[in-house]
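To be precise, the following lines are work14.cif, and they hold mmCIF, C-alpha atoms.
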```cif
data_my_file
loop_
_atom_site.label_atom_id
_atom_site.label_comp_id
_atom_site.auth_asym_id
_atom_site.auth_seq_id
_atom_site.Cartn_x
_atom_site.Cartn_y
_atom_site.Cartn_z
CA MET A 1 22.35 54.56 -49.23
CA SER A 2 25.53 55.61 -47.36
CA THR A 3 23.39 57.52 -44.83
CA ARG A 4 21.44 54.33 -44.13
CA ILE A 5 24.67 52.34 -43.73
CA ASN A 6 26.12 54.98 -41.40
CA LEU A 7 22.92 54.98 -39.34
CA CYS A 8 22.99 51.16 -39.08
CA ALA A 9 26.66 51.27 -38.05
CA MET A 10 25.88 53.85 -35.37
CA VAL A 11 22.97 51.78 -34.03
CA LEU A 12 25.12 48.63 -33.93
CA ALA A 13 27.91 50.53 -32.17
CA GLY A 14 25.42 51.83 -29.62
CA VAL A 15 24.02 48.36 -28.98
CA SER A 16 27.57 47.00 -28.57
CA LEU A 17 28.43 49.74 -26.06
CA ALA A 18 25.22 49.17 -24.13
CA THR A 19 25.88 45.43 -24.00
CA ALA A 20 29.46 46.01 -22.85
CA ASN A 21 28.25 48.42 -20.16
CA LEU A 22 25.70 45.87 -18.93
CA ALA A 23 28.41 43.19 -18.75
CA MET A 24 30.73 45.57 -16.88
CA GLY A 25 27.94 46.37 -14.44
CA ALA A 26 27.24 42.68 -13.91
CA ALA A 27 30.95 42.06 -13.31
CA GLU A 28 31.12 44.88 -10.75
CA ASP A 29 28.08 43.38 -9.01
CA GLU A 30 30.03 40.10 -8.64
CA LYS A 31 33.17 41.69 -7.21
CA PRO A 32 32.14 41.49 -3.51
CA ALA A 33 31.23 37.80 -3.91
CA VAL A 34 34.57 37.09 -5.61
CA GLN A 35 36.45 38.94 -2.87
CA ALA A 36 34.56 36.89 -0.27
CA ALA A 37 35.46 33.66 -2.11
CA LEU A 38 39.13 34.68 -2.21
CA THR A 39 39.01 35.44 1.52
CA GLY A 40 37.43 32.01 2.04
CA PHE A 41 40.22 30.38 0.05
CA HIS A 42 42.88 31.94 2.29
CA SER A 43 40.99 31.05 5.43
CA ALA A 44 40.83 27.46 4.14
CA LEU A 45 44.57 27.56 3.33
CA ASN A 46 45.43 28.65 6.86
CA THR A 47 43.15 25.94 8.26
CA LEU A 48 44.94 23.45 5.99
CA PHE A 49 48.19 24.39 7.74
CA THR A 50 46.66 23.06 10.99
CA GLY A 51 45.91 19.67 9.43
CA ASP A 52 42.28 20.09 8.27
CA ALA A 53 41.69 19.79 4.50
CA GLY A 54 37.88 20.03 4.71
CA PRO A 55 37.49 23.78 4.18
CA MET A 56 39.97 23.73 1.27
CA LYS A 57 38.00 20.98 -0.45
CA ALA A 58 34.82 23.03 -0.01
CA VAL A 59 36.14 26.18 -1.75
CA TRP A 60 37.34 24.32 -4.87
CA SER A 61 35.35 23.33 -7.92
CA HIS A 62 35.27 19.55 -8.25
CA ALA A 63 35.45 19.68 -12.06
CA ASP A 64 37.86 17.87 -14.36
CA ASP A 65 39.36 21.12 -15.71
CA VAL A 66 40.69 22.59 -12.43
CA THR A 67 44.45 23.10 -12.05
CA TYR A 68 46.88 23.46 -9.16
CA MET A 69 50.52 24.53 -9.43
CA GLY A 70 51.57 25.13 -5.86
CA PRO A 71 54.75 26.03 -3.98
CA SER A 72 56.09 22.46 -4.04
CA GLY A 73 56.43 22.65 -7.83
CA SER A 74 53.73 20.10 -8.59
CA PHE A 75 51.23 20.47 -11.45
CA GLU A 76 47.91 18.74 -10.84
CA VAL A 77 44.97 18.74 -13.28
CA GLY A 78 41.43 17.67 -12.39
CA TRP A 79 39.71 17.38 -9.04
CA THR A 80 40.51 13.67 -8.72
CA ARG A 81 44.22 14.57 -8.69
CA ILE A 82 43.93 17.75 -6.63
CA GLU A 83 41.76 16.43 -3.79
CA PRO A 84 44.34 13.90 -2.50
CA TYR A 85 47.00 16.59 -2.77
CA TRP A 86 45.08 18.66 -0.20
CA ASP A 87 44.95 15.64 2.13
CA LYS A 88 48.73 15.27 1.77
CA GLN A 89 49.26 18.98 2.48
CA ALA A 90 47.01 18.84 5.55
CA ALA A 91 48.94 15.84 6.88
CA ALA A 92 52.16 17.90 6.65
CA LYS A 93 50.71 20.36 9.21
CA LEU A 94 52.92 23.19 7.96
CA GLY A 95 51.69 25.60 10.60
CA GLY A 96 51.95 29.36 10.31
CA LYS A 97 49.75 31.67 8.33
CA VAL A 98 49.75 33.46 4.97
CA GLU A 99 47.74 36.43 3.82
CA PRO A 100 47.05 37.88 0.37
CA LYS A 101 48.67 41.26 -0.27
CA ASP A 102 48.34 43.79 -3.12
CA ILE A 103 45.41 42.00 -4.77
CA HIS A 104 44.58 42.91 -8.37
CA LEU A 105 41.18 41.47 -9.23
CA THR A 106 39.64 41.15 -12.69
CA VAL A 107 36.01 39.99 -12.70
CA SER A 108 33.52 38.99 -15.37
CA PRO A 109 30.08 37.51 -14.68
CA GLN A 110 31.47 33.94 -14.95
CA LEU A 111 35.24 34.10 -14.34
CA ALA A 112 37.54 36.02 -12.04
CA VAL A 113 41.32 36.23 -11.84
CA ALA A 114 43.24 37.45 -8.81
CA HIS A 115 46.95 38.29 -8.98
CA TYR A 116 48.66 39.02 -5.66
CA TYR A 117 51.40 38.10 -3.21
CA GLU A 118 51.00 35.53 -0.45
CA LYS A 119 53.03 36.64 2.54
CA GLY A 120 53.52 35.10 5.93
CA GLU A 121 55.28 32.02 7.24
CA ASN A 122 55.10 28.28 7.67
CA VAL A 123 56.72 26.44 10.53
CA ILE A 124 58.94 23.52 9.51
CA ALA A 125 60.46 21.39 12.27
CA GLY A 126 59.72 24.14 14.76
CA LYS A 127 61.46 26.83 12.69
CA PRO A 128 59.57 29.66 11.01
CA GLN A 129 60.07 29.69 7.23
CA PRO A 130 59.15 32.86 5.32
CA VAL A 131 56.51 32.83 2.61
CA SER A 132 56.64 35.59 0.02
CA ILE A 133 55.39 34.29 -3.31
CA ARG A 134 53.60 35.57 -6.39
CA THR A 135 50.18 34.00 -6.80
CA THR A 136 47.37 33.75 -9.32
CA THR A 137 43.99 32.34 -8.31
CA VAL A 138 41.22 31.78 -10.86
CA LEU A 139 37.58 31.42 -9.82
CA ARG A 140 34.44 30.41 -11.71
CA ASN A 141 30.82 31.12 -10.92
CA GLU A 142 29.22 27.69 -10.57
CA ASN A 143 25.49 27.79 -9.88
CA GLY A 144 25.79 31.14 -8.09
CA GLN A 145 28.85 30.18 -6.02
CA TRP A 146 32.38 31.30 -6.80
CA LYS A 147 34.72 28.28 -6.73
CA VAL A 148 38.48 28.10 -7.20
CA ILE A 149 39.40 26.48 -10.53
CA GLY A 150 43.09 27.34 -10.62
CA HIS A 151 45.84 28.29 -8.22
CA HIS A 152 49.43 28.93 -9.30
CA THR A 153 52.29 30.14 -7.12
CA ASP A 154 56.03 30.52 -7.11
CA THR A 155 57.86 27.61 -5.53
CA LEU A 156 59.24 27.51 -2.00
CA SER A 157 62.55 25.68 -1.66
CA TYR A 158 61.57 24.03 1.60
CA LEU A 159 58.49 22.46 -0.04
CA GLN A 160 59.94 21.35 -3.37
CA LYS A 161 59.91 17.66 -4.21
#
```

Would you mind writing the structure in this file as structure tokens?
Amino acid sequence: MSTRINLCAMVLAGVSLATANLAMGAAEDEKPAVQAALTGFHSALNTLFTGDAGPMKAVWSHADDVTYMGPSGSFEVGWTRIEPYWDKQAAAKLGGKVEPKDIHLTVSPQLAVAHYYEKGENVIAGKPQPVSIRTTTVLRNENGQWKVIGHHTDTLSYLQK
């Protein structure tokens, strides 16, 4: 009897490992698409600094569970609250450019989390203002497209409410 139990346990362990390996492989397959989506997010962010919110709205999920905690210190939940925030940010025309640095990416077939620094500058009243903040961006695979569902950064004193 104990031999049969041990054999069953070994088979179950093998199936679990095989399933985990398949999931890991699927996650690795998604990594280039997630990296491209993160690049798209930063391209949209830099376009936002010029006054155009359109690309930023395109990279975000429009679901009720999305969250934004940006450098102004605000905390917005749900697309209906986040979308007008992007219009407000675009109208500010912050100028400058930021880039992601030292990205650590964790990917599963449905969710991805990126931890990194955003570094660069904005231009406020004609004066360059440094940007060097810790950032977390969360993405979800929605119908084969990776969309931002969460973005959280340190605050920047010149943007706080």

If you count all atoms listed in the file, which residues fall within 10 Å of segment 129-146 of chain A, apart from same-chain ones fewer than 5 positions away, as a ChimeraX atom specification?
/A:30,33-38,41,59-61,66-71,94-101,103-124,151-156,158

Could you jot down the atom CA of Thr80 of chain A to atom CA of Lys93 of chain A separation for me, Å, one decimal place?
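Separating atom CA of Thr80 of chain A from atom CA of Lys93 of chain A is a distance of 21.7 Å.
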
Pick from A:Ile149, A:Ala44, A:Asp102, A:Pro128 nearest to Ile82 of chain A, counting only C-alpha atoms
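Selected residue with least distance to Ile82 of chain A: A:Ile149.
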
On this structure, which residues satisfy the PyMOL selection byres ((chain A and resi 86) around 10), written as a list in words?
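So the PyMOL selection byres ((chain A and resi 86) around 10) ends up selecting Leu45, Leu48, Gly51, Asp52, Ala53, Gly54, Met56, Lys57, Arg81, Ile82, Glu83, Pro84, Tyr85, Asp87, Lys88, Gln89, Ala90, Ala91 and Ala92 of chain A.
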
Length of the atom CA of Ala63 of chain A to atom CA of Gly40 of chain A vector [Å]:
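Computed distance, atom CA of Ala63 of chain A to atom CA of Gly40 of chain A, equals 18.8 Å.
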